[in-house]
$ cat my_file.cif   # mmCIF, C-alpha atoms
data_coords
loop_
_atom_site.label_atom_id
_atom_site.label_comp_id
_atom_site.auth_asym_id
_atom_site.auth_seq_id
_atom_site.Cartn_x
_atom_site.Cartn_y
_atom_site.Cartn_z
CA MET A 1213 -2.64 37.02 -13.49
CA SER A 1214 -5.08 35.95 -16.19
CA VAL A 1215 -8.04 38.06 -17.19
CA GLN A 1216 -11.09 36.47 -15.62
CA LEU A 1217 -13.61 35.31 -18.20
CA PRO A 1218 -17.21 34.77 -17.08
CA ILE A 1219 -18.17 31.09 -17.05
CA THR A 1220 -20.82 30.88 -19.74
CA GLU A 1221 -22.61 27.88 -21.20
CA ALA A 1222 -20.60 28.30 -24.39
CA LEU A 1223 -17.31 28.35 -22.50
CA VAL A 1224 -18.20 25.24 -20.48
CA ARG A 1225 -19.21 23.48 -23.69
CA GLU A 1226 -15.97 24.43 -25.41
CA TYR A 1227 -13.80 23.38 -22.47
CA ILE A 1228 -15.41 20.00 -21.82
CA ASP A 1229 -15.61 19.16 -25.52
CA HIS A 1230 -11.93 19.92 -25.99
CA SER A 1231 -10.89 18.04 -22.85
CA ILE A 1232 -12.84 14.87 -23.54
CA SER A 1233 -11.85 14.86 -27.17
CA ASP A 1234 -8.19 15.23 -26.22
CA VAL A 1235 -8.29 12.41 -23.67
CA PHE A 1236 -10.14 9.89 -25.84
CA GLN A 1237 -8.05 10.72 -28.90
CA THR A 1238 -4.73 10.57 -27.06
CA MET A 1239 -5.32 7.65 -24.71
CA LEU A 1240 -7.80 5.52 -26.69
CA THR A 1241 -7.18 6.68 -30.27
CA THR A 1242 -10.90 7.30 -30.57
CA MET A 1243 -12.80 10.37 -31.66
CA THR A 1244 -15.66 11.82 -29.66
CA VAL A 1245 -18.42 14.04 -31.01
CA LEU A 1246 -20.49 16.31 -28.82
CA VAL A 1247 -24.05 15.59 -29.91
CA LYS A 1248 -26.17 17.36 -27.32
CA GLY A 1249 -25.73 19.85 -24.54
CA THR A 1250 -28.26 21.20 -22.07
CA ALA A 1251 -28.04 23.72 -19.29
CA GLN A 1252 -30.56 21.93 -17.13
CA ALA A 1253 -32.02 18.46 -17.11
CA ALA A 1254 -35.41 19.00 -15.58
CA ASP A 1255 -37.24 16.67 -17.94
CA GLU A 1256 -34.31 14.51 -18.98
CA PRO A 1257 -34.52 10.82 -18.09
CA TRP A 1258 -31.98 9.83 -15.48
CA PRO A 1259 -29.63 8.07 -15.17
CA PRO A 1260 -28.72 9.25 -18.65
CA LEU A 1261 -27.69 6.05 -20.40
CA HIS A 1262 -30.40 3.81 -21.82
CA ALA A 1263 -33.00 5.35 -19.58
CA GLY A 1264 -35.82 4.89 -22.07
CA LYS A 1265 -38.42 2.20 -22.22
CA GLU A 1266 -35.87 -0.57 -21.87
CA GLY A 1267 -34.72 0.89 -18.55
CA ALA A 1268 -31.32 1.85 -17.34
CA LYS A 1269 -28.22 -0.27 -17.84
CA PRO A 1270 -25.59 -0.57 -15.15
CA HIS A 1271 -23.55 2.62 -15.06
CA ILE A 1272 -20.01 3.39 -14.07
CA VAL A 1273 -19.61 7.01 -13.09
CA GLY A 1274 -16.21 8.64 -12.69
CA THR A 1275 -16.21 11.71 -10.47
CA VAL A 1276 -13.59 14.42 -10.02
CA GLY A 1277 -14.08 17.77 -8.35
CA PHE A 1278 -12.25 21.08 -8.57
CA THR A 1279 -11.90 23.55 -5.75
CA GLY A 1280 -10.52 27.05 -5.43
CA ASP A 1281 -11.86 30.37 -6.70
CA ILE A 1282 -14.41 28.25 -8.48
CA ASN A 1283 -15.82 24.99 -7.14
CA GLY A 1284 -17.57 22.13 -8.81
CA VAL A 1285 -17.70 18.50 -9.72
CA VAL A 1286 -17.84 16.58 -12.98
CA TYR A 1287 -19.49 13.19 -13.38
CA LEU A 1288 -18.63 11.07 -16.41
CA TYR A 1289 -21.26 8.43 -17.14
CA LEU A 1290 -20.45 5.30 -19.11
CA ASP A 1291 -22.33 2.04 -19.30
CA VAL A 1292 -20.44 -0.99 -18.09
CA ASP A 1293 -19.81 -2.40 -21.56
CA PHE A 1294 -18.30 0.86 -22.76
CA ALA A 1295 -16.22 1.21 -19.61
CA ARG A 1296 -14.81 -2.27 -20.14
CA LYS A 1297 -14.06 -1.48 -23.77
CA CYS A 1298 -12.20 1.68 -22.75
CA THR A 1299 -10.22 -0.26 -20.18
CA ARG A 1300 -9.26 -2.98 -22.65
CA GLN A 1301 -8.21 -0.38 -25.20
CA LEU A 1302 -6.22 1.65 -22.69
CA LEU A 1303 -4.38 -1.28 -21.17
CA GLY A 1304 -4.29 -3.59 -24.18
CA MET A 1305 -6.17 -6.37 -22.46
CA THR A 1306 -8.30 -9.14 -23.85
CA GLU A 1307 -11.82 -9.74 -22.59
CA ALA A 1308 -10.58 -12.83 -20.76
CA GLN A 1309 -7.75 -10.90 -19.12
CA LEU A 1310 -10.18 -8.24 -17.99
CA ASP A 1311 -12.54 -10.87 -16.57
CA GLU A 1312 -9.64 -12.29 -14.62
CA ALA A 1313 -8.45 -8.88 -13.47
CA GLY A 1314 -11.84 -7.87 -12.11
CA ASP A 1315 -13.92 -4.73 -11.72
CA GLU A 1316 -11.26 -2.84 -9.79
CA VAL A 1317 -9.16 -2.57 -12.93
CA VAL A 1318 -12.09 -1.04 -14.81
CA ASN A 1319 -12.76 1.32 -11.93
CA ASP A 1320 -9.14 2.46 -11.87
CA ALA A 1321 -9.00 2.99 -15.62
CA ILE A 1322 -12.23 4.99 -15.69
CA ALA A 1323 -11.10 6.98 -12.67
CA GLU A 1324 -7.92 7.93 -14.53
CA LEU A 1325 -9.74 8.81 -17.75
CA THR A 1326 -12.06 11.00 -15.67
CA ASN A 1327 -9.09 12.56 -13.91
CA MET A 1328 -7.51 13.47 -17.24
CA SER A 1329 -10.79 14.76 -18.71
CA VAL A 1330 -11.65 16.91 -15.71
CA GLY A 1331 -8.02 17.94 -15.43
CA GLY A 1332 -8.13 19.42 -18.91
CA PHE A 1333 -11.43 21.13 -18.14
CA LYS A 1334 -10.03 22.52 -14.90
CA ASN A 1335 -6.88 23.76 -16.62
CA HIS A 1336 -9.05 25.74 -19.03
CA LEU A 1337 -10.88 27.27 -16.05
CA CYS A 1338 -7.57 28.19 -14.42
CA ASP A 1339 -6.26 29.77 -17.59
CA ALA A 1340 -9.53 31.72 -17.87
CA GLY A 1341 -8.79 33.36 -14.52
CA HIS A 1342 -10.49 30.91 -12.13
CA PRO A 1343 -7.65 29.19 -10.25
CA CYS A 1344 -8.58 25.86 -8.71
CA LEU A 1345 -7.17 22.43 -7.94
CA LEU A 1346 -8.37 18.93 -8.73
CA THR A 1347 -9.68 16.45 -6.20
CA ILE A 1348 -8.86 12.75 -6.19
CA PRO A 1349 -11.13 10.72 -8.49
CA SER A 1350 -13.79 8.35 -7.26
CA ILE A 1351 -16.10 5.84 -8.89
CA VAL A 1352 -19.79 5.14 -8.42
CA ARG A 1353 -21.45 2.05 -9.85
CA GLY A 1354 -25.21 1.65 -10.06
CA THR A 1355 -28.28 1.22 -12.20
CA ASN A 1356 -31.07 3.31 -10.81
CA PHE A 1357 -29.94 6.49 -9.15
CA CYS A 1358 -30.26 10.23 -9.51
CA VAL A 1359 -27.80 13.07 -8.95
CA GLU A 1360 -29.35 16.40 -8.06
CA THR A 1361 -27.77 19.82 -7.79
CA THR A 1362 -28.27 22.63 -5.36
CA SER A 1363 -30.01 25.83 -6.39
CA ALA A 1364 -26.74 27.76 -6.08
CA ALA A 1365 -24.99 25.65 -8.69
CA GLN A 1366 -25.07 25.72 -12.48
CA ARG A 1367 -25.61 22.37 -14.12
CA HIS A 1368 -24.46 21.51 -17.63
CA ILE A 1369 -25.05 18.14 -19.25
CA PHE A 1370 -23.26 17.09 -22.43
CA HIS A 1371 -23.79 13.91 -24.43
CA PHE A 1372 -20.96 12.55 -26.54
CA ASP A 1373 -20.87 9.90 -29.22
CA CYS A 1374 -17.71 7.84 -29.10
CA SER A 1375 -17.65 5.40 -32.04
CA GLY A 1376 -21.26 4.50 -31.39
CA GLN A 1377 -20.90 4.47 -27.62
CA HIS A 1378 -22.58 7.00 -25.36
CA LEU A 1379 -20.71 9.14 -22.85
CA VAL A 1380 -22.29 11.81 -20.67
CA ALA A 1381 -20.52 14.62 -18.82
CA ASP A 1382 -22.61 16.10 -16.01
CA ILE A 1383 -20.98 19.29 -14.73
CA HIS A 1384 -21.98 21.13 -11.56
CA ILE A 1385 -20.33 24.49 -10.97
CA LYS A 1386 -20.68 26.74 -7.97
CA ASP A 1387 -19.02 30.12 -8.24
CA THR A 1388 -17.74 31.22 -4.85
CA ASP A 1389 -17.54 34.90 -5.79
CA MET B 1460 24.01 -0.32 -16.67
CA SER B 1461 20.37 -0.62 -15.67
CA HIS B 1462 18.85 2.69 -14.69
CA LYS B 1463 16.12 3.11 -12.13
CA ILE B 1464 12.90 4.98 -12.77
CA LEU B 1465 10.40 5.67 -10.02
CA THR B 1466 6.78 6.35 -10.96
CA VAL B 1467 4.77 8.08 -8.24
CA ASP B 1468 1.08 8.10 -9.11
CA ASP B 1469 -2.03 7.01 -7.23
CA SER B 1470 -3.43 5.51 -10.42
CA ARG B 1471 -2.40 1.92 -10.97
CA THR B 1472 -3.44 2.41 -14.60
CA VAL B 1473 -0.81 5.12 -15.09
CA ARG B 1474 1.83 3.03 -13.39
CA VAL B 1475 1.06 0.17 -15.77
CA LEU B 1476 1.33 2.56 -18.73
CA VAL B 1477 4.71 3.73 -17.45
CA GLN B 1478 5.88 0.12 -17.14
CA ARG B 1479 4.78 -0.48 -20.71
CA THR B 1480 6.52 2.65 -21.99
CA PHE B 1481 9.91 1.48 -20.80
CA LYS B 1482 9.54 -2.24 -21.35
CA ALA B 1483 12.00 -2.27 -24.25
CA TYR B 1484 14.75 -0.61 -22.22
CA GLU B 1485 17.27 -1.82 -19.70
CA CYS B 1486 15.79 -0.19 -16.63
CA GLN B 1487 14.04 -1.02 -13.43
CA ILE B 1488 10.70 0.58 -12.72
CA PHE B 1489 9.74 1.23 -9.12
CA GLU B 1490 6.29 2.32 -8.02
CA ALA B 1491 4.73 4.45 -5.30
CA ALA B 1492 1.12 5.55 -4.87
CA ASN B 1493 1.66 8.84 -3.02
CA GLY B 1494 4.31 11.29 -1.92
CA VAL B 1495 5.13 9.56 1.34
CA GLU B 1496 5.76 6.25 -0.38
CA GLY B 1497 7.57 8.10 -3.14
CA LEU B 1498 10.01 9.75 -0.75
CA ALA B 1499 10.67 6.47 1.00
CA MET B 1500 11.26 4.68 -2.29
CA ALA B 1501 13.46 7.51 -3.55
CA ALA B 1502 15.62 7.32 -0.43
CA LYS B 1503 15.89 3.55 -0.70
CA GLU B 1504 16.57 3.20 -4.42
CA LEU B 1505 18.03 6.59 -5.40
CA PRO B 1506 16.41 6.44 -8.83
CA ASP B 1507 17.84 8.16 -11.89
CA LEU B 1508 14.46 9.67 -12.71
CA ILE B 1509 11.20 10.22 -10.87
CA LEU B 1510 7.93 10.55 -12.81
CA LEU B 1511 5.69 12.48 -10.46
CA ASP B 1512 1.96 13.09 -10.35
CA VAL B 1513 0.52 16.09 -8.51
CA THR B 1514 -2.91 15.17 -7.14
CA MET B 1515 -2.48 12.20 -4.83
CA PRO B 1516 -3.79 11.20 -1.40
CA VAL B 1517 -1.65 11.29 1.77
CA MET B 1518 0.99 13.58 0.26
CA ASP B 1519 0.65 15.31 -3.09
CA GLY B 1520 3.37 15.66 -5.67
CA VAL B 1521 4.16 19.30 -4.95
CA GLU B 1522 4.85 18.57 -1.29
CA MET B 1523 6.91 15.52 -2.21
CA LEU B 1524 8.93 17.58 -4.67
CA SER B 1525 9.56 20.27 -2.06
CA LYS B 1526 10.74 17.71 0.47
CA LEU B 1527 12.87 15.96 -2.12
CA LYS B 1528 14.61 19.19 -3.06
CA SER B 1529 15.25 20.11 0.56
CA ASP B 1530 16.94 16.79 1.29
CA PRO B 1531 20.69 16.92 0.56
CA ASP B 1532 20.75 13.21 -0.28
CA LEU B 1533 17.84 13.37 -2.69
CA LYS B 1534 17.84 16.85 -4.18
CA ASN B 1535 19.86 15.87 -7.24
CA ILE B 1536 17.42 13.17 -8.36
CA ARG B 1537 15.92 14.29 -11.64
CA VAL B 1538 12.17 14.74 -11.68
CA MET B 1539 9.69 14.91 -14.54
CA MET B 1540 6.12 15.82 -13.75
CA LEU B 1541 3.48 13.53 -15.29
CA THR B 1542 0.18 15.00 -14.26
CA ALA B 1543 -3.22 16.31 -15.31
CA GLU B 1544 -2.32 19.59 -13.58
CA GLY B 1545 -1.52 21.78 -16.55
CA SER B 1546 -2.69 25.32 -15.85
CA ARG B 1547 -0.09 27.93 -16.73
CA GLU B 1548 0.29 29.38 -13.24
CA ASN B 1549 0.57 26.03 -11.49
CA VAL B 1550 3.04 24.67 -14.04
CA LEU B 1551 5.25 27.72 -13.50
CA LYS B 1552 5.03 27.36 -9.72
CA ILE B 1553 6.01 23.71 -9.90
CA ALA B 1554 8.78 24.36 -12.41
CA LYS B 1555 10.38 26.79 -9.97
CA LEU B 1556 10.78 23.97 -7.46
CA GLY B 1557 13.31 22.31 -9.74
CA ILE B 1558 12.18 19.81 -12.33
CA ARG B 1559 13.70 18.58 -15.56
CA ASP B 1560 10.55 18.37 -17.65
CA TYR B 1561 6.77 18.44 -17.51
CA LEU B 1562 4.28 16.24 -19.36
CA VAL B 1563 0.58 16.97 -19.02
CA LYS B 1564 -1.91 14.10 -19.14
CA PRO B 1565 -3.35 12.83 -21.41
CA PHE B 1566 -0.04 11.67 -22.82
CA LYS B 1567 1.31 9.52 -25.60
CA GLU B 1568 3.72 6.87 -24.40
CA LYS B 1569 6.02 7.96 -27.21
CA SER B 1570 6.13 11.49 -25.79
CA LEU B 1571 6.91 10.19 -22.33
CA LEU B 1572 9.70 8.02 -23.71
CA GLU B 1573 11.20 10.84 -25.77
CA LYS B 1574 11.25 13.21 -22.83
CA ALA B 1575 12.70 10.57 -20.50
CA LEU B 1576 15.44 9.70 -22.98
CA LYS B 1577 16.54 13.33 -22.96
CA ILE B 1578 17.05 13.07 -19.21
CA VAL B 1579 18.32 9.51 -18.75
CA GLU B 1580 20.45 7.61 -21.21
CA LEU B 1581 18.64 4.30 -21.47
CA THR B 1582 19.86 1.28 -23.40
CA ARG B 1583 17.49 -0.81 -25.46
CA LYS B 1584 17.16 -4.45 -24.55
CA PRO B 1585 18.74 -6.76 -27.12
CA GLY B 1586 16.31 -7.69 -29.89
CA GLU B 1587 13.72 -5.07 -29.01
CA PRO B 1588 12.14 -3.40 -32.05
CA GLU B 1589 12.10 0.33 -32.51
CA PRO B 1590 9.25 1.98 -30.62
CA VAL B 1591 6.10 2.83 -32.56
CA ALA B 1592 3.62 5.63 -32.00
CA LYS B 1593 0.71 3.34 -31.18
CA PRO B 1594 1.60 1.06 -28.29
CA SER B 1595 0.85 -2.59 -28.66
CA ALA B 1596 -0.93 -4.60 -26.04
CA MET B 1597 1.06 -6.01 -23.20
CA LYS B 1598 0.71 -8.93 -20.90
CA LEU B 1599 -0.36 -7.18 -17.77
CA PRO B 1600 0.49 -8.25 -14.29
CA ILE B 1601 -3.22 -8.90 -13.93
CA ALA B 1602 -3.18 -9.94 -10.33
CA SER B 1603 -1.41 -6.76 -9.39
CA ILE B 1604 -3.60 -4.13 -11.03
CA GLY B 1605 -6.65 -4.53 -8.92
CA SER B 1606 -6.04 -1.53 -6.73
CA ARG B 1607 -4.49 1.90 -6.71
CA ALA B 1608 -1.96 0.69 -4.15
CA PRO B 1609 1.52 0.07 -5.51
CA GLN B 1610 3.00 -3.36 -5.94
CA ALA B 1611 6.43 -4.61 -5.06
CA ALA B 1612 9.08 -2.92 -7.10
CA GLY B 1613 10.72 -4.83 -9.86
CA PRO B 1614 11.96 -4.70 -13.40
CA ALA B 1615 9.68 -3.86 -16.31
CA PRO B 1616 7.50 -6.74 -17.53
CA GLU B 1617 8.32 -8.91 -20.48
CA PRO B 1618 7.45 -7.78 -23.99
CA PRO B 1619 3.77 -8.05 -24.83
CA PRO B 1620 1.87 -10.51 -26.94
CA ALA B 1621 0.03 -9.27 -30.00
CA PRO B 1622 -3.06 -7.20 -29.25
CA GLY B 1623 -6.11 -9.29 -28.78
CA GLY B 1624 -8.49 -7.22 -26.77
CA ALA B 1625 -9.16 -4.18 -28.89
CA ASP B 1626 -12.53 -3.83 -30.53
CA GLN B 1627 -12.45 -3.78 -34.32
CA ASN B 1628 -14.18 -0.41 -34.54
CA PHE B 1629 -12.85 1.13 -31.37
CA GLY B 1630 -9.56 2.92 -31.11
CA LYS B 1631 -9.20 3.77 -34.78
CA ALA B 1632 -10.04 7.44 -34.45
CA GLN B 1633 -12.88 7.21 -36.92
CA PRO B 1634 -15.43 10.00 -36.85
CA ALA B 1635 -18.44 9.12 -34.79
CA GLN B 1636 -21.94 9.29 -36.24
CA LEU B 1637 -23.81 12.41 -35.36
CA THR B 1638 -27.07 11.62 -33.68
CA GLY B 1639 -28.27 15.07 -32.82
CA THR B 1640 -27.28 18.64 -32.43
#
$ encode --input "my_file.cif" --output "structure tokens"
Amino acid sequence: MSVQLPITEALVREYIDHSISDVFQTMLTTMTVLVKGTAQAADEPWPPLHAGKEGAKPHIVGTVGFTGDINGVVYLYLDVDFARKCTRQLLGMTEAQLDEAGDEVVNDAIAELTNMSVGGFKNHLCDAGHPCLLTIPSIVRGTNFCVETTSAAQRHIFHFDCSGQHLVADIHIKDTD
Amino acid sequence: MSHKILTVDDSRTVRVLVQRTFKAYECQIFEAANGVEGLAMAAKELPDLILLDVTMPVMDGVEMLSKLKSDPDLKNIRVMMLTAEGSRENVLKIAKLGIRDYLVKPFKEKSLLEKALKIVELTRKPGEPEPVAKPSAMKLPIASIGSRAPQAAGPAPEPPPAPGGADQNFGKAQPAQLTGT
């Protein structure tokens, strides 16, 4: 049995940074850089991508949960253009092929990238003494929406730069202990 | 002799990547999207190798593996896990059920191929070039990748055309520009 490490902000940051970096490097041959992390997002514009004066762009949000001794959910936010670029890179498709294939292909690719990213994060949690299992990924598409957390959950938001593209990991953790 | 490989994964994306991994080899790739379909396909085709995910709807990979190993007709089929489940304790639990290898996602297609070739002796198709670390683009069965449901089983697709979809600055592992702290 592993020694149980307390889930701190620093540990969450380390785990999600490592997991996302590993997935984007391995599957898309692209580096990611963690540029900003916050424990709460009380005054942060939402949805997180392009939520300034120009307004929000259409988002694709991959979601995977983890459940066990520790419970939570991770949302990965990408704008549609970035999601399509990831899909083309992953599957080796042209823009025309992706147009023909349709949005479901993008959804499936982003769902799998989210599954791998959250899987790595979850594996770190397990190895830190918090055994849990993954849930099946799902996808949300939208432009103007807000995700809120309950008072019993910790929220961690991390912004990544991926070759000039913006990726946000929104992590909600509820410790059942 | 053409070997049979069964990929059991609820992600159509992963199944396409598996197809691409083995496209240069004389083998048939069969697909299933969950453990129930996987067991049925295994019983029907008796594959030489099963690539098995863990987290799937309907029946997960651990339950499928347990049922496979308790079936006298199927228990000798070789299984490699291909899954995002990679915690030490869970890997050990799954390994005890009887698997030949374990590959944690994210994965390089080259790694998958190397591990598979240690389990199944595959023959390269005539005229196929040696595999490279970075996979080239492939002509996808576009009409068939629109859902996580599996498609009709069949041989691996034809070799791909040259890449045409990748962004010039994306996918080259260049350091990103820092925009904050």
$ closest_residue --input "my_file.cif" --among "B:Thr1514, B:Asn1535, B:Thr1542, B:Ser1461" --to "B:Tyr1484" --atoms "only C-alpha atoms"
B:Ser1461
$ atom_distance --input "my_file.cif" --atom1 "atom CA of A:Leu1325" --atom2 "atom CA of B:Ile1558"
25.1 Å
$ closest_atom_pairs --input "my_file.cif" --of "chain A" --to "chain B" --cutoff "8 Å" --atoms "all atoms listed in the file" --output "CSV"
residue,atom,partner,partner_atom,distance
A:Asp1234,CA,B:Pro1565,CA,7.2
A:Val1235,CA,B:Pro1565,CA,5.4
A:Gln1237,CA,B:Ala1632,CA,6.7
A:Thr1238,CA,B:Pro1565,CA,6.2
A:Met1239,CA,B:Pro1565,CA,6.5
A:Leu1240,CA,B:Gly1630,CA,5.4
A:Thr1241,CA,B:Gly1630,CA,4.5
A:Thr1242,CA,B:Ala1632,CA,4.0
A:Met1243,CA,B:Ala1632,CA,4.9
A:Thr1244,CA,B:Ala1635,CA,6.4
A:Val1245,CA,B:Ala1635,CA,6.2
A:Val1247,CA,B:Thr1640,CA,5.1
A:Lys1248,CA,B:Thr1640,CA,5.4
A:Lys1297,CA,B:Asp1626,CA,7.3
A:Arg1300,CA,B:Gly1624,CA,6.0
A:Gln1301,CA,B:Ala1625,CA,5.4
A:Leu1303,CA,B:Ala1596,CA,6.8
A:Gly1304,CA,B:Ala1596,CA,4.0
A:Met1305,CA,B:Gly1624,CA,5.0
A:Thr1306,CA,B:Gly1624,CA,3.5
A:Glu1307,CA,B:Gly1624,CA,5.9
A:Gln1309,CA,B:Ile1601,CA,7.2
A:Glu1312,CA,B:Ile1601,CA,7.3
A:Ala1313,CA,B:Ile1601,CA,5.3
A:Gly1314,CA,B:Gly1605,CA,6.9
A:Asp1315,CA,B:Gly1605,CA,7.8
A:Glu1316,CA,B:Gly1605,CA,5.0
A:Val1317,CA,B:Gly1605,CA,5.1
A:Asp1320,CA,B:Thr1472,CA,6.3
A:Ala1321,CA,B:Thr1472,CA,5.7
A:Glu1324,CA,B:Ser1470,CA,6.6
A:Asn1327,CA,B:Ala1543,CA,7.1
A:Met1328,CA,B:Ala1543,CA,5.5
A:Gly1331,CA,B:Ala1543,CA,5.1
A:Gly1332,CA,B:Ala1543,CA,6.8
A:Lys1334,CA,B:Ser1546,CA,7.9
A:Asn1335,CA,B:Ser1546,CA,4.5
A:His1336,CA,B:Ser1546,CA,7.1
A:Cys1338,CA,B:Ser1546,CA,5.8
A:Asp1339,CA,B:Ser1546,CA,6.0
A:Leu1345,CA,B:Glu1544,CA,8.0
A:Leu1346,CA,B:Thr1514,CA,6.8
A:Thr1347,CA,B:Thr1514,CA,7.0
A:Ile1348,CA,B:Thr1514,CA,6.5
A:Asp1373,CA,B:Ala1635,CA,6.1
A:Cys1374,CA,B:Ala1635,CA,5.9
A:Ser1375,CA,B:Ala1635,CA,4.7
A:Gly1376,CA,B:Ala1635,CA,6.4
$ resolve_selection --input "my_file.cif" --expression "the PyMOL selection byres ((chain A and resi 1218) around 10)" --output "NGL selection string"
:A and (1215-1217 or 1219-1221 or 1223 or 1337 or 1340-1342)
$ closest_residue --input "my_file.cif" --among "A:Ala1323, A:Leu1379, A:Phe1333, A:Asn1356" --to "A:Arg1225" --atoms "only C-alpha atoms"
A:Phe1333
$ residues_around --input "my_file.cif" --residues "B:Lys1574" --least-positions-apart "5" --cutoff "12 Å" --atoms "only C-alpha atoms" --output "list in words"
Thr1480, Phe1481, Leu1508, Leu1510, Val1538, Met1539, Met1540, Leu1541, Arg1559, Asp1560, Tyr1561, Leu1562, Val1563, Phe1566, Lys1567, Glu1568, Lys1569, Val1579, Glu1580 and Leu1581 of chain B
$ resolve_selection --input "my_file.cif" --expression "the PyMOL selection byres ((chain A and resi 1344) around 6)" --output "list of chain:residue names"
A:Thr1279, A:Gly1280, A:Asp1281, A:Pro1343, A:Leu1345
$ closest_residue --input "my_file.cif" --among "A:Phe1357, A:Phe1236, A:Phe1278, A:Phe1294" --to "A:Gln1377" --atoms "only C-alpha atoms"
A:Phe1294
